[in-house]
$ cat protein.cif   # mmCIF, C-alpha atoms
data_protein
#
loop_
_atom_site.label_atom_id
_atom_site.label_comp_id
_atom_site.auth_asym_id
_atom_site.auth_seq_id
_atom_site.Cartn_x
_atom_site.Cartn_y
_atom_site.Cartn_z
CA MET A 6 162.93 144.34 119.95
CA GLU A 7 163.98 146.91 117.35
CA PHE A 8 160.68 146.57 115.54
CA GLU A 9 158.64 146.67 118.75
CA ARG A 10 160.25 150.04 119.62
CA PHE A 11 159.24 151.33 116.20
CA ALA A 12 155.68 150.02 116.53
CA LEU A 13 155.26 151.76 119.89
CA ASP A 14 156.61 155.13 118.73
CA PRO A 15 153.86 157.41 117.36
CA VAL A 16 156.34 159.68 115.56
CA SER A 17 157.92 156.76 113.71
CA ARG A 18 154.51 155.41 112.82
CA ARG A 19 153.37 158.79 111.50
CA ARG A 20 156.48 159.11 109.31
CA PHE A 21 155.96 155.60 107.97
CA PHE A 22 152.33 156.10 107.04
CA HIS A 23 152.97 159.54 105.58
CA ALA A 24 155.61 158.01 103.31
CA SER A 25 153.01 155.42 102.27
CA GLY A 26 150.61 158.14 101.13
CA VAL A 27 148.37 158.01 104.19
CA ALA A 28 147.56 161.15 106.12
CA THR A 29 147.59 160.96 109.90
CA ALA A 30 145.88 162.95 112.60
CA GLY A 31 146.59 162.59 116.31
CA GLY A 32 148.75 159.55 115.73
CA SER A 33 146.02 157.75 113.77
CA ALA A 34 145.53 157.50 110.06
CA ALA A 35 142.91 159.70 108.46
CA LEU A 36 141.68 159.38 104.94
CA LEU A 37 142.15 162.53 102.94
CA ALA A 38 139.04 164.44 101.96
CA ALA A 39 138.96 167.10 99.27
CA CYS A 40 137.59 170.47 100.32
CA GLY A 41 134.45 170.87 98.27
CA GLY A 42 132.75 173.96 99.63
CA GLY A 43 133.21 177.58 98.62
CA SER A 44 134.73 176.94 95.21
CA GLY A 45 131.65 177.40 93.10
CA LYS A 46 131.37 173.69 92.34
CA SER A 47 128.03 171.99 92.49
CA GLU A 48 127.34 170.02 95.63
CA SER A 49 127.25 166.69 93.79
CA LYS A 50 130.54 167.36 92.02
CA ALA A 51 132.15 168.32 95.31
CA SER A 52 130.86 165.18 97.02
CA THR A 53 132.11 163.04 94.12
CA GLU A 54 135.56 164.62 94.47
CA THR A 55 135.46 163.96 98.20
CA ASP A 56 134.48 160.33 97.61
CA ILE A 57 137.35 159.88 95.13
CA ALA A 58 139.88 161.46 97.50
CA VAL A 59 138.72 159.36 100.46
CA LEU A 60 138.67 156.16 98.40
CA ASN A 61 142.13 156.81 96.95
CA SER A 62 143.54 157.34 100.42
CA ALA A 63 141.94 154.05 101.45
CA ILE A 64 143.55 152.37 98.43
CA ASN A 65 146.94 153.68 99.64
CA LEU A 66 146.31 152.01 103.00
CA GLU A 67 145.25 148.75 101.37
CA ASN A 68 148.33 148.80 99.14
CA THR A 69 150.49 149.33 102.23
CA ALA A 70 148.87 146.30 103.85
CA ILE A 71 149.33 144.25 100.66
CA ALA A 72 153.03 145.16 100.60
CA ALA A 73 153.40 144.29 104.30
CA TYR A 74 151.74 140.88 104.04
CA THR A 75 153.74 140.15 100.87
CA ALA A 76 157.02 141.14 102.52
CA GLY A 77 156.20 139.28 105.73
CA ALA A 78 155.02 135.99 104.21
CA PRO A 79 158.49 134.39 104.03
CA LEU A 80 158.78 134.72 107.81
CA LEU A 81 155.40 133.13 108.57
CA LYS A 82 155.01 129.42 109.19
CA GLY A 83 152.28 126.82 109.21
CA GLU A 84 148.76 128.07 110.00
CA LEU A 85 149.95 131.67 110.24
CA LEU A 86 151.40 131.49 106.73
CA LYS A 87 148.07 130.18 105.47
CA LEU A 88 146.20 132.97 107.25
CA GLY A 89 148.71 135.59 106.11
CA ARG A 90 148.12 134.56 102.51
CA GLU A 91 144.36 134.65 103.04
CA PHE A 92 144.54 138.14 104.57
CA LEU A 93 146.77 139.28 101.68
CA GLY A 94 144.12 138.08 99.22
CA GLN A 95 141.42 139.93 101.16
CA GLU A 96 143.41 143.19 101.19
CA LYS A 97 143.76 142.82 97.41
CA GLU A 98 139.99 142.36 97.15
CA HIS A 99 139.54 145.60 99.11
CA ALA A 100 141.97 147.49 96.85
CA ASP A 101 140.27 146.11 93.73
CA ALA A 102 136.78 147.04 94.93
CA LEU A 103 137.86 150.54 95.96
CA SER A 104 139.68 151.04 92.63
CA THR A 105 136.57 149.99 90.75
CA ALA A 106 134.54 152.48 92.78
CA VAL A 107 136.98 155.30 91.98
CA THR A 108 136.86 154.46 88.28
CA HIS A 109 133.06 154.32 88.41
CA LEU A 110 133.08 157.83 89.90
CA GLY A 111 135.23 159.09 87.02
CA GLY A 112 138.48 159.24 88.96
CA HIS A 113 141.88 157.59 88.65
CA PRO A 114 142.59 154.95 91.31
CA SER A 115 145.78 155.31 93.33
CA ARG A 116 148.52 152.98 92.19
CA PRO A 117 150.82 151.04 94.50
CA LYS A 118 154.12 152.77 95.31
CA ALA A 119 157.25 151.34 93.74
CA VAL A 120 158.88 151.00 97.16
CA TYR A 121 157.52 150.70 100.70
CA ASP A 122 160.10 151.62 103.30
CA PHE A 123 159.08 149.18 106.03
CA PRO A 124 161.01 148.93 109.25
CA ARG A 125 163.12 145.77 109.21
CA VAL A 126 161.22 142.66 110.23
CA ARG A 127 163.32 139.68 111.27
CA THR A 128 160.91 137.30 112.97
CA GLN A 129 157.38 135.99 112.66
CA ARG A 130 156.49 138.10 115.69
CA ASP A 131 157.75 141.25 113.90
CA VAL A 132 155.49 140.45 110.94
CA LEU A 133 152.49 140.02 113.23
CA LEU A 134 153.27 143.34 114.95
CA LEU A 135 153.67 145.16 111.63
CA ALA A 136 150.42 143.73 110.29
CA ASN A 137 148.64 144.56 113.54
CA MET A 138 149.88 148.17 113.36
CA ILE A 139 148.73 148.61 109.75
CA GLU A 140 145.34 146.98 110.40
CA HIS A 141 144.77 149.31 113.36
CA GLN A 142 145.62 152.33 111.24
CA ALA A 143 143.26 151.11 108.54
CA ILE A 144 140.38 150.70 111.00
CA ALA A 145 140.87 154.20 112.41
CA ALA A 146 141.06 155.63 108.91
CA TYR A 147 137.93 153.92 107.64
CA LEU A 148 135.99 155.00 110.74
CA ASP A 149 137.13 158.56 110.13
CA ALA A 150 136.08 158.29 106.49
CA LEU A 151 132.65 156.74 106.96
CA PRO A 152 130.64 159.95 107.47
CA LYS A 153 132.52 161.68 104.63
CA LEU A 154 131.35 159.20 102.00
CA SER A 155 128.27 160.44 100.18
CA SER A 156 126.64 157.21 99.05
CA PRO A 157 124.96 154.64 101.32
CA ASP A 158 126.55 151.77 99.38
CA LEU A 159 130.06 153.18 99.81
CA ARG A 160 129.43 153.65 103.54
CA ALA A 161 128.23 150.06 103.83
CA THR A 162 131.26 148.79 101.92
CA ALA A 163 133.56 150.76 104.23
CA ALA A 164 131.78 149.31 107.28
CA ALA A 165 132.20 145.78 105.89
CA ILE A 166 135.91 146.39 105.27
CA VAL A 167 136.36 147.83 108.80
CA THR A 168 134.79 144.66 110.18
CA THR A 169 137.07 142.40 108.16
CA GLU A 170 140.15 144.40 109.26
CA ALA A 171 138.94 144.08 112.87
CA GLU A 172 138.69 140.32 112.35
CA HIS A 173 142.26 140.28 111.05
CA VAL A 174 143.29 142.15 114.21
CA SER A 175 141.64 139.51 116.41
CA VAL A 176 143.56 136.73 114.69
CA LEU A 177 146.83 138.69 114.91
CA LEU A 178 146.30 139.55 118.59
CA GLY A 179 145.55 135.92 119.38
CA ALA A 180 148.72 134.83 117.56
CA LEU A 181 150.67 137.39 119.61
CA GLY A 182 149.27 135.88 122.81
CA ARG A 183 147.09 138.90 123.55
CA PRO A 184 143.32 139.04 124.22
CA PRO A 185 141.70 138.78 120.75
CA VAL A 186 138.70 140.99 121.57
CA PRO A 187 140.06 143.59 123.98
CA THR A 188 137.33 146.24 123.72
CA ALA A 189 133.59 146.44 123.04
CA PHE A 190 134.11 149.23 120.51
CA VAL A 191 136.74 148.73 117.82
CA THR A 192 138.31 152.13 117.21
CA GLY A 193 141.65 151.26 115.65
CA THR A 194 143.59 152.81 118.50
CA ALA A 195 145.96 150.40 120.15
CA MET B 234 110.48 118.81 103.30
CA THR B 235 107.89 118.81 106.08
CA ALA B 236 105.98 121.63 107.72
CA ARG B 237 107.85 121.01 110.99
CA ASP B 238 111.32 120.77 109.51
CA PRO B 239 113.40 123.17 111.64
CA ASP B 240 115.66 123.68 108.65
CA ARG B 241 112.91 125.37 106.67
CA LEU B 242 111.50 128.85 106.54
CA ILE B 243 107.74 128.66 106.98
CA ILE B 244 105.68 131.58 105.74
CA GLU B 245 102.41 131.27 107.60
CA ASP B 246 100.62 134.52 107.03
CA GLY B 247 100.63 134.41 103.23
CA ASP B 248 102.41 137.73 103.13
CA ALA B 249 105.66 136.40 101.76
CA ASP B 250 108.63 138.75 101.71
CA THR B 251 110.58 137.55 98.68
CA GLN B 252 113.71 139.39 99.75
CA ALA B 253 113.60 137.70 103.16
CA ILE B 254 113.11 134.31 101.54
CA ALA B 255 116.00 134.91 99.16
CA ALA B 256 118.20 135.97 102.08
CA TYR B 257 117.12 132.95 104.09
CA GLU B 258 117.79 130.58 101.23
CA ALA B 259 121.22 132.06 100.63
CA THR B 260 122.03 131.72 104.32
CA ARG B 261 120.68 128.18 104.46
CA ARG B 262 122.58 127.09 101.37
CA HIS B 263 125.74 128.45 102.91
CA ALA B 264 124.97 126.68 106.18
CA VAL B 265 124.46 123.42 104.33
CA ARG B 266 127.74 123.89 102.45
CA ARG B 267 129.56 124.40 105.73
CA GLY B 268 127.91 121.38 107.30
CA LEU B 269 125.93 123.41 109.83
CA VAL B 270 122.66 121.70 109.09
CA ALA B 271 123.96 118.15 109.26
CA GLY B 272 123.11 115.76 112.08
CA GLY B 273 122.44 117.39 115.42
CA ALA B 274 123.79 120.77 114.38
CA VAL B 275 120.43 122.31 113.59
CA ILE B 276 120.35 124.77 116.49
CA GLY B 277 121.86 127.57 114.46
CA ALA B 278 119.79 126.87 111.36
CA ALA B 279 116.58 126.83 113.41
CA LEU B 280 117.42 130.35 114.49
CA VAL B 281 117.64 131.78 110.99
CA PRO B 282 113.96 132.73 110.41
CA ALA B 283 113.72 134.53 113.77
CA LEU B 284 116.96 136.37 113.11
CA LEU B 285 115.72 137.46 109.72
CA SER B 286 112.75 139.13 111.37
CA VAL B 287 115.16 141.13 113.52
CA ARG B 288 117.13 142.17 110.49
CA GLU B 289 113.95 143.19 108.72
CA ALA B 290 113.11 145.42 111.68
CA PHE B 291 116.44 147.20 111.13
CA ALA B 292 115.78 147.50 107.41
CA ALA B 293 112.30 148.91 108.01
CA ALA B 294 113.55 151.57 110.43
CA GLN B 295 113.32 154.99 108.81
CA THR B 296 114.99 157.20 111.40
CA ASP B 297 118.15 157.12 113.49
CA ALA B 298 115.98 156.72 116.61
CA ALA B 299 114.14 153.73 115.13
CA ILE B 300 117.44 152.09 114.12
CA LEU B 301 118.82 152.63 117.62
CA ALA B 302 115.70 151.08 119.16
CA SER B 303 116.09 147.98 116.95
CA ALA B 304 119.79 147.77 117.83
CA ILE B 305 119.11 148.06 121.57
CA ARG B 306 116.62 145.21 121.41
CA LEU B 307 119.11 143.05 119.51
CA GLU B 308 121.91 143.85 121.98
CA ASN B 309 119.64 143.10 124.95
CA THR B 310 118.83 139.77 123.36
CA ALA B 311 122.54 139.06 122.84
CA VAL B 312 123.22 139.87 126.51
CA ALA B 313 120.49 137.40 127.51
CA ALA B 314 121.82 134.80 125.08
CA TYR B 315 125.34 134.90 126.50
CA ALA B 316 123.94 134.83 130.06
CA ALA B 317 121.93 131.71 129.14
CA ALA B 318 125.01 130.18 127.52
CA VAL B 319 127.03 130.78 130.69
CA LYS B 320 124.31 129.08 132.75
CA SER B 321 123.85 126.20 130.30
CA GLY B 322 126.35 124.00 132.10
CA VAL B 323 127.78 122.68 128.84
CA LEU B 324 130.68 125.12 128.41
CA THR B 325 134.30 124.53 129.31
CA PRO B 326 135.70 127.04 131.82
CA GLN B 327 137.61 128.83 129.04
CA PHE B 328 134.59 129.09 126.75
CA ARG B 329 132.47 130.22 129.70
CA ARG B 330 134.88 133.09 130.35
CA THR B 331 134.65 134.02 126.65
CA ALA B 332 130.84 134.01 126.81
CA GLU B 333 130.98 136.19 129.93
CA LEU B 334 133.28 138.68 128.18
CA PHE B 335 131.13 138.81 125.05
CA GLY B 336 128.02 139.29 127.21
CA ARG B 337 129.67 142.24 128.98
CA GLN B 338 130.63 143.76 125.62
CA GLU B 339 127.07 143.38 124.29
CA ALA B 340 125.90 145.15 127.45
CA GLU B 341 128.35 147.98 126.73
CA HIS B 342 126.86 148.28 123.25
CA ALA B 343 123.34 148.37 124.67
CA ALA B 344 124.33 151.06 127.19
CA ALA B 345 125.93 153.28 124.54
CA LEU B 346 123.00 152.89 122.16
CA THR B 347 120.55 153.59 124.99
CA ALA B 348 122.38 156.81 125.86
CA ALA B 349 122.35 157.81 122.20
CA LEU B 350 118.62 157.15 121.85
CA LYS B 351 117.87 159.13 125.00
CA GLY B 352 119.97 161.92 123.53
CA LEU B 353 117.60 161.94 120.56
CA GLY B 354 114.63 162.16 122.91
CA GLY B 355 113.60 158.54 122.39
CA THR B 356 112.51 155.91 124.88
CA PRO B 357 114.74 152.83 124.88
CA PRO B 358 112.97 149.48 124.53
CA THR B 359 113.29 146.94 127.29
CA GLY B 360 113.14 143.17 127.20
CA THR B 361 114.46 140.63 124.77
CA ASP B 362 113.21 138.68 121.80
CA ALA B 363 112.11 135.33 123.24
CA LYS B 364 111.86 133.79 119.76
CA LEU B 365 115.57 134.36 119.28
CA LEU B 366 116.50 132.74 122.57
CA ALA B 367 114.27 129.66 122.27
CA PRO B 368 116.70 127.46 120.25
CA LEU B 369 119.43 128.07 122.85
CA GLY B 370 117.31 126.21 125.41
CA ARG B 371 117.70 123.08 123.27
CA ALA B 372 121.49 123.28 123.11
CA ARG B 373 123.10 120.23 124.70
CA THR B 374 126.71 120.74 123.69
CA GLN B 375 129.24 123.57 123.60
CA LYS B 376 129.36 123.16 119.83
CA GLN B 377 125.64 123.87 119.60
CA VAL B 378 126.00 126.94 121.81
CA ALA B 379 128.83 128.19 119.60
CA GLU B 380 126.76 127.60 116.46
CA PHE B 381 123.88 129.53 117.99
CA ALA B 382 126.20 132.40 118.89
CA ILE B 383 127.65 132.44 115.36
CA GLN B 384 124.18 132.79 113.86
CA LEU B 385 123.28 135.54 116.33
CA GLU B 386 126.50 137.49 115.75
CA THR B 387 126.28 137.03 111.98
CA MET B 388 122.80 138.49 111.90
CA ALA B 389 123.94 141.35 114.15
CA VAL B 390 126.70 142.15 111.65
CA ALA B 391 124.12 142.10 108.84
CA ALA B 392 121.82 144.40 110.78
CA TYR B 393 124.58 146.95 111.44
CA TYR B 394 125.66 146.66 107.80
CA ASP B 395 122.14 147.65 106.76
CA ALA B 396 122.13 150.40 109.39
CA SER B 397 125.33 151.89 107.94
CA LYS B 398 123.36 152.71 104.78
CA MET B 399 120.63 154.51 106.69
CA LEU B 400 122.08 156.29 109.73
CA GLN B 401 122.22 160.04 109.24
CA GLN B 402 124.31 161.26 112.17
CA ALA B 403 128.05 160.91 111.68
CA ARG B 404 128.78 159.90 115.27
CA LEU B 405 126.08 157.22 115.22
CA LEU B 406 127.41 155.89 111.93
CA GLN B 407 130.86 155.52 113.49
CA THR B 408 129.54 153.94 116.69
CA SER B 409 127.51 151.47 114.62
CA ALA B 410 130.62 150.48 112.64
CA GLN B 411 132.69 150.13 115.84
CA ILE B 412 130.06 147.76 117.24
CA MET B 413 129.75 145.87 113.93
CA ALA B 414 133.53 145.37 113.96
CA ASN B 415 133.38 144.06 117.54
CA GLU B 416 130.66 141.57 116.59
CA GLY B 417 132.96 140.47 113.77
CA GLN B 418 135.74 139.90 116.32
CA HIS B 419 133.35 137.77 118.38
CA LEU B 420 132.77 135.74 115.22
CA VAL B 421 136.51 135.13 114.85
CA VAL B 422 136.74 133.58 118.33
CA LEU B 423 133.57 131.53 117.82
CA ARG B 424 134.70 130.26 114.41
CA GLN B 425 138.10 129.33 115.82
CA ALA B 426 136.36 127.39 118.59
CA LEU B 427 134.66 125.33 115.88
CA ALA B 428 137.86 125.00 113.80
CA LYS B 429 136.37 127.12 110.99
CA ASP B 430 138.14 129.72 108.86
CA PRO B 431 138.19 132.75 111.22
CA VAL B 432 137.89 135.35 108.43
CA PRO B 433 136.06 133.74 105.51
CA SER B 434 135.13 136.93 103.64
CA ALA B 435 136.96 140.09 102.58
CA PHE B 436 133.74 142.03 103.10
CA GLU B 437 132.18 140.97 106.39
CA ASN B 438 128.56 141.98 105.94
CA GLY B 439 126.85 139.10 107.74
CA LYS B 440 125.28 137.78 104.59
CA ALA B 441 127.38 134.81 103.66
CA SER B 442 129.64 133.93 106.52
CA GLY B 443 129.35 131.21 109.06
#

$ encode --input "protein.cif" --output "structure tokens"
Amino acid sequence: MEFERFALDPVSRRRFFHASGVATAGGSAALLAACGGGSGKSESKASTETDIAVLNSAINLENTAIAAYTAGAPLLKGELLKLGREFLGQEKEHADALSTAVTHLGGHPSRPKAVYDFPRVRTQRDVLLLANMIEHQAIAAYLDALPKLSSPDLRATAAAIVTTEAEHVSVLLGALGRPPVPTAFVTGTA
Amino acid sequence: MTARDPDRLIIEDGDADTQAIAAYEATRRHAVRRGLVAGGAVIGAALVPALLSVREAFAAAQTDAAILASAIRLENTAVAAYAAAVKSGVLTPQFRRTAELFGRQEAEHAAALTAALKGLGGTPPTGTDAKLLAPLGRARTQKQVAEFAIQLETMAVAAYYDASKMLQQARLLQTSAQIMANEGQHLVVLRQALAKDPVPSAFENGKASG
């Protein structure tokens, strides 16, 4: 129950994600965007800087998810352990692809933090709730970021990642005994 | 290979679209790998050429209004598909409730897209794509209905993926991604119903997942 109280408290969630390098707005994660205008920079340079800032914030979220699935794996059993490992591998694929994109744009990809201060998880259910919370935050953040990305390919990649995270959510909700597809529009808000 | 093989893409007008053929072949190879095309499970594979034409309509759309019109037609077709699935008489009560829910959600998508298109001054299309629905009439088992739905949802994901490269308005881009994510969630439930991996790809773009 201790973890469920944490997961339901927007202030606790905001503190947690802020400590993980993820900005939040209105209780939901938002990917950071550099302010490009008014500084005398060319438009393309400003949009590149925005892309790098947005992508690095997304990498922070992916690294948070990687840390959560890694920390939670010992508490998962059977099919859920198998799925947890699969989701962990997919979050790593996201982080790798985003890091490659940042490097390609001339930036330095965000690195994982040395320590992630997760709330204590004691049961398989706690792990599912933690993963569900992080996946929701990721979806909201990517949706916020989509229009800020300058290139069509980056926008399409973000849309594909949002869809995979939404699929993770469906599996997690089902495992928690909740409706797996609760709304027609996936917004990342609980 | 025969001219009537339902597992084959037939180009009849001589105006071959190499990209479409490549996409079809990739999809078919994947379907074969996953056993979709074996035995009586050809319903989904028979749908692939018709679905590709829908996706091409998305790809050919040059404006937000044209993309919305393509999306509305696809959503209307999905609504009709789930309604036909519900009436097929081959679904268990639980799967029928799932089909009813997904049909309602496709209708919500269609309504939102219709409002958006009207907001742009466009006229929403009506009707459905009969070519897409035809294979569903041959479904005799719940498994075949689920396979049909997987192909339909997969192509919808691919269409919205393409749309995310082209949409200009920020709000439409976000709505498109929210719908694409919902179609992905439908895929999870459908794949689980067929004991498949529910999330087979880290990048769900509708191009290689079944």

$ resolve_selection --input "protein.cif" --expression "the PyMOL selection byres ((chain A) within 6 of (chain B))" --output "JSON, numbers by chain"
{"A": [95, 148, 152, 157, 161, 164, 165, 166, 168, 169, 171, 172, 175, 189, 190, 191]}

$ write_last_selection --input "protein.cif" --atoms "C-alpha atoms" --output "JSON list (two decimals), keeping the file's coordinate frame"
[["chain", "number", "residue", "atom", "x", "y", "z"],
["A", 95, "GLN", "CA", 141.42, 139.93, 101.16],
["A", 148, "LEU", "CA", 135.99, 155.00, 110.74],
["A", 152, "PRO", "CA", 130.64, 159.95, 107.47],
["A", 157, "PRO", "CA", 124.96, 154.64, 101.32],
["A", 161, "ALA", "CA", 128.23, 150.06, 103.83],
["A", 164, "ALA", "CA", 131.78, 149.31, 107.28],
["A", 165, "ALA", "CA", 132.20, 145.78, 105.89],
["A", 166, "ILE", "CA", 135.91, 146.39, 105.27],
["A", 168, "THR", "CA", 134.79, 144.66, 110.18],
["A", 169, "THR", "CA", 137.07, 142.40, 108.16],
["A", 171, "ALA", "CA", 138.94, 144.08, 112.87],
["A", 172, "GLU", "CA", 138.69, 140.32, 112.35],
["A", 175, "SER", "CA", 141.64, 139.51, 116.41],
["A", 189, "ALA", "CA", 133.59, 146.44, 123.04],
["A", 190, "PHE", "CA", 134.11, 149.23, 120.51],
["A", 191, "VAL", "CA", 136.74, 148.73, 117.82]]

$ atom_distance --input "protein.cif" --atom1 "atom CA of Ala294 of chain B" --atom2 "atom CA of Ala317 of chain B"
28.5 Å

$ residues_around --input "protein.cif" --residues "segment 128-145 of chain A" --least-positions-apart "5" --cutoff "9 Å" --atoms "all atoms listed in the file" --output "VMD selection string"
chain A and resid 6 8 to 9 12 18 22 29 33 to 35 63 66 to 67 69 to 70 73 to 74 76 to 82 85 123 150 166 to 168 170 to 171 173 to 174 177 to 178 180 to 181 191 to 195

$ atom_distance --input "protein.cif" --atom1 "atom CA of Pro184 of chain A" --atom2 "atom CA of Ala316 of chain B"
20.7 Å

$ residues_around --input "protein.cif" --residues "Phe291 of chain B" --least-positions-apart "5" --cutoff "9 Å" --atoms "all atoms listed in the file" --output "PDB file with C-alpha atoms, keeping the file's coordinate frame"
ATOM      1  CA  SER B 286     112.750 139.130 111.370  1.00  0.00           C
ATOM      2  CA  ALA B 299     114.140 153.730 115.130  1.00  0.00           C
ATOM      3  CA  ILE B 300     117.440 152.090 114.120  1.00  0.00           C
ATOM      4  CA  LEU B 301     118.820 152.630 117.620  1.00  0.00           C
ATOM      5  CA  ALA B 302     115.700 151.080 119.160  1.00  0.00           C
ATOM      6  CA  SER B 303     116.090 147.980 116.950  1.00  0.00           C
ATOM      7  CA  ALA B 304     119.790 147.770 117.830  1.00  0.00           C
ATOM      8  CA  ALA B 392     121.820 144.400 110.780  1.00  0.00           C
ATOM      9  CA  TYR B 393     124.580 146.950 111.440  1.00  0.00           C
ATOM     10  CA  ASP B 395     122.140 147.650 106.760  1.00  0.00           C
ATOM     11  CA  ALA B 396     122.130 150.400 109.390  1.00  0.00           C
TER      12      ALA B 396
END

$ resolve_selection --input "protein.cif" --expression "the PyMOL selection byres ((chain B and resi 322-326) around 10)" --output "ChimeraX atom specification"
/B:317-321,327-332,372-379

$ atom_distance --input "protein.cif" --atom1 "atom CA of Arg288 of chain B" --atom2 "atom CA of Gly352 of chain B"
23.8 Å

$ resolve_selection --input "protein.cif" --expression "the PyMOL selection byres ((chain B and resi 385) around 9)" --output "number ranges by chain"
B: 277, 280-281, 284, 311, 314, 365, 380-384, 386-390

$ closest_residue --input "protein.cif" --among "B:Ala428, B:Glu289, B:Leu369, B:Ala344" --to "Tyr315 of chain B" --atoms "only C-alpha atoms"
B:Leu369

$ residues_around --input "protein.cif" --residues "segment 45-60 of chain A" --least-positions-apart "5" --cutoff "10 Å" --atoms "all atoms listed in the file" --output "ChimeraX atom specification"
/A:35-40,65-66,100,102-104,106-115,146-147,149-151,153-156,159,163

$ decode --input "protein.cif" --residues "segment 155-191 of chain A" --atoms "C-alpha atoms" --output "PDB file, in the first residue's frame"
ATOM      1  CA  SER A 155      11.741  19.581 -36.475  1.00  0.00           C
ATOM      2  CA  SER A 156      12.252  16.542 -38.679  1.00  0.00           C
ATOM      3  CA  PRO A 157       9.498  14.261 -40.014  1.00  0.00           C
ATOM      4  CA  ASP A 158      11.595  11.169 -39.279  1.00  0.00           C
ATOM      5  CA  LEU A 159      12.108  12.156 -35.643  1.00  0.00           C
ATOM      6  CA  ARG A 160       8.371  12.803 -35.273  1.00  0.00           C
ATOM      7  CA  ALA A 161       7.588   9.398 -36.753  1.00  0.00           C
ATOM      8  CA  THR A 162      10.096   7.714 -34.446  1.00  0.00           C
ATOM      9  CA  ALA A 163       8.528   9.457 -31.447  1.00  0.00           C
ATOM     10  CA  ALA A 164       5.058   8.331 -32.569  1.00  0.00           C
ATOM     11  CA  ALA A 165       6.303   4.732 -32.893  1.00  0.00           C
ATOM     12  CA  ILE A 166       7.831   4.875 -29.410  1.00  0.00           C
ATOM     13  CA  VAL A 167       4.607   6.352 -27.944  1.00  0.00           C
ATOM     14  CA  THR A 168       2.698   3.438 -29.464  1.00  0.00           C
ATOM     15  CA  THR A 169       5.077   0.858 -28.016  1.00  0.00           C
ATOM     16  CA  GLU A 170       4.870   2.498 -24.566  1.00  0.00           C
ATOM     17  CA  ALA A 171       1.064   2.437 -24.878  1.00  0.00           C
ATOM     18  CA  GLU A 172       1.283  -1.275 -25.653  1.00  0.00           C
ATOM     19  CA  HIS A 173       3.404  -1.787 -22.540  1.00  0.00           C
ATOM     20  CA  VAL A 174       0.702   0.036 -20.573  1.00  0.00           C
ATOM     21  CA  SER A 175      -1.982  -2.312 -21.909  1.00  0.00           C
ATOM     22  CA  VAL A 176      -0.017  -5.357 -20.785  1.00  0.00           C
ATOM     23  CA  LEU A 177       0.668  -3.802 -17.367  1.00  0.00           C
ATOM     24  CA  LEU A 178      -2.971  -2.775 -16.874  1.00  0.00           C
ATOM     25  CA  GLY A 179      -4.125  -6.262 -17.802  1.00  0.00           C
ATOM     26  CA  ALA A 180      -1.671  -7.780 -15.317  1.00  0.00           C
ATOM     27  CA  LEU A 181      -3.030  -5.418 -12.652  1.00  0.00           C
ATOM     28  CA  GLY A 182      -6.560  -6.655 -13.378  1.00  0.00           C
ATOM     29  CA  ARG A 183      -7.630  -3.368 -14.969  1.00  0.00           C
ATOM     30  CA  PRO A 184      -9.169  -2.757 -18.415  1.00  0.00           C
ATOM     31  CA  PRO A 185      -6.221  -2.921 -20.854  1.00  0.00           C
ATOM     32  CA  VAL A 186      -7.603  -0.333 -23.302  1.00  0.00           C
ATOM     33  CA  PRO A 187      -9.462   2.151 -21.113  1.00  0.00           C
ATOM     34  CA  THR A 188      -9.712   5.105 -23.510  1.00  0.00           C
ATOM     35  CA  ALA A 189      -9.941   5.730 -27.258  1.00  0.00           C
ATOM     36  CA  PHE A 190      -7.201   8.367 -27.080  1.00  0.00           C
ATOM     37  CA  VAL A 191      -3.993   7.466 -25.259  1.00  0.00           C
TER      38      VAL A 191
END
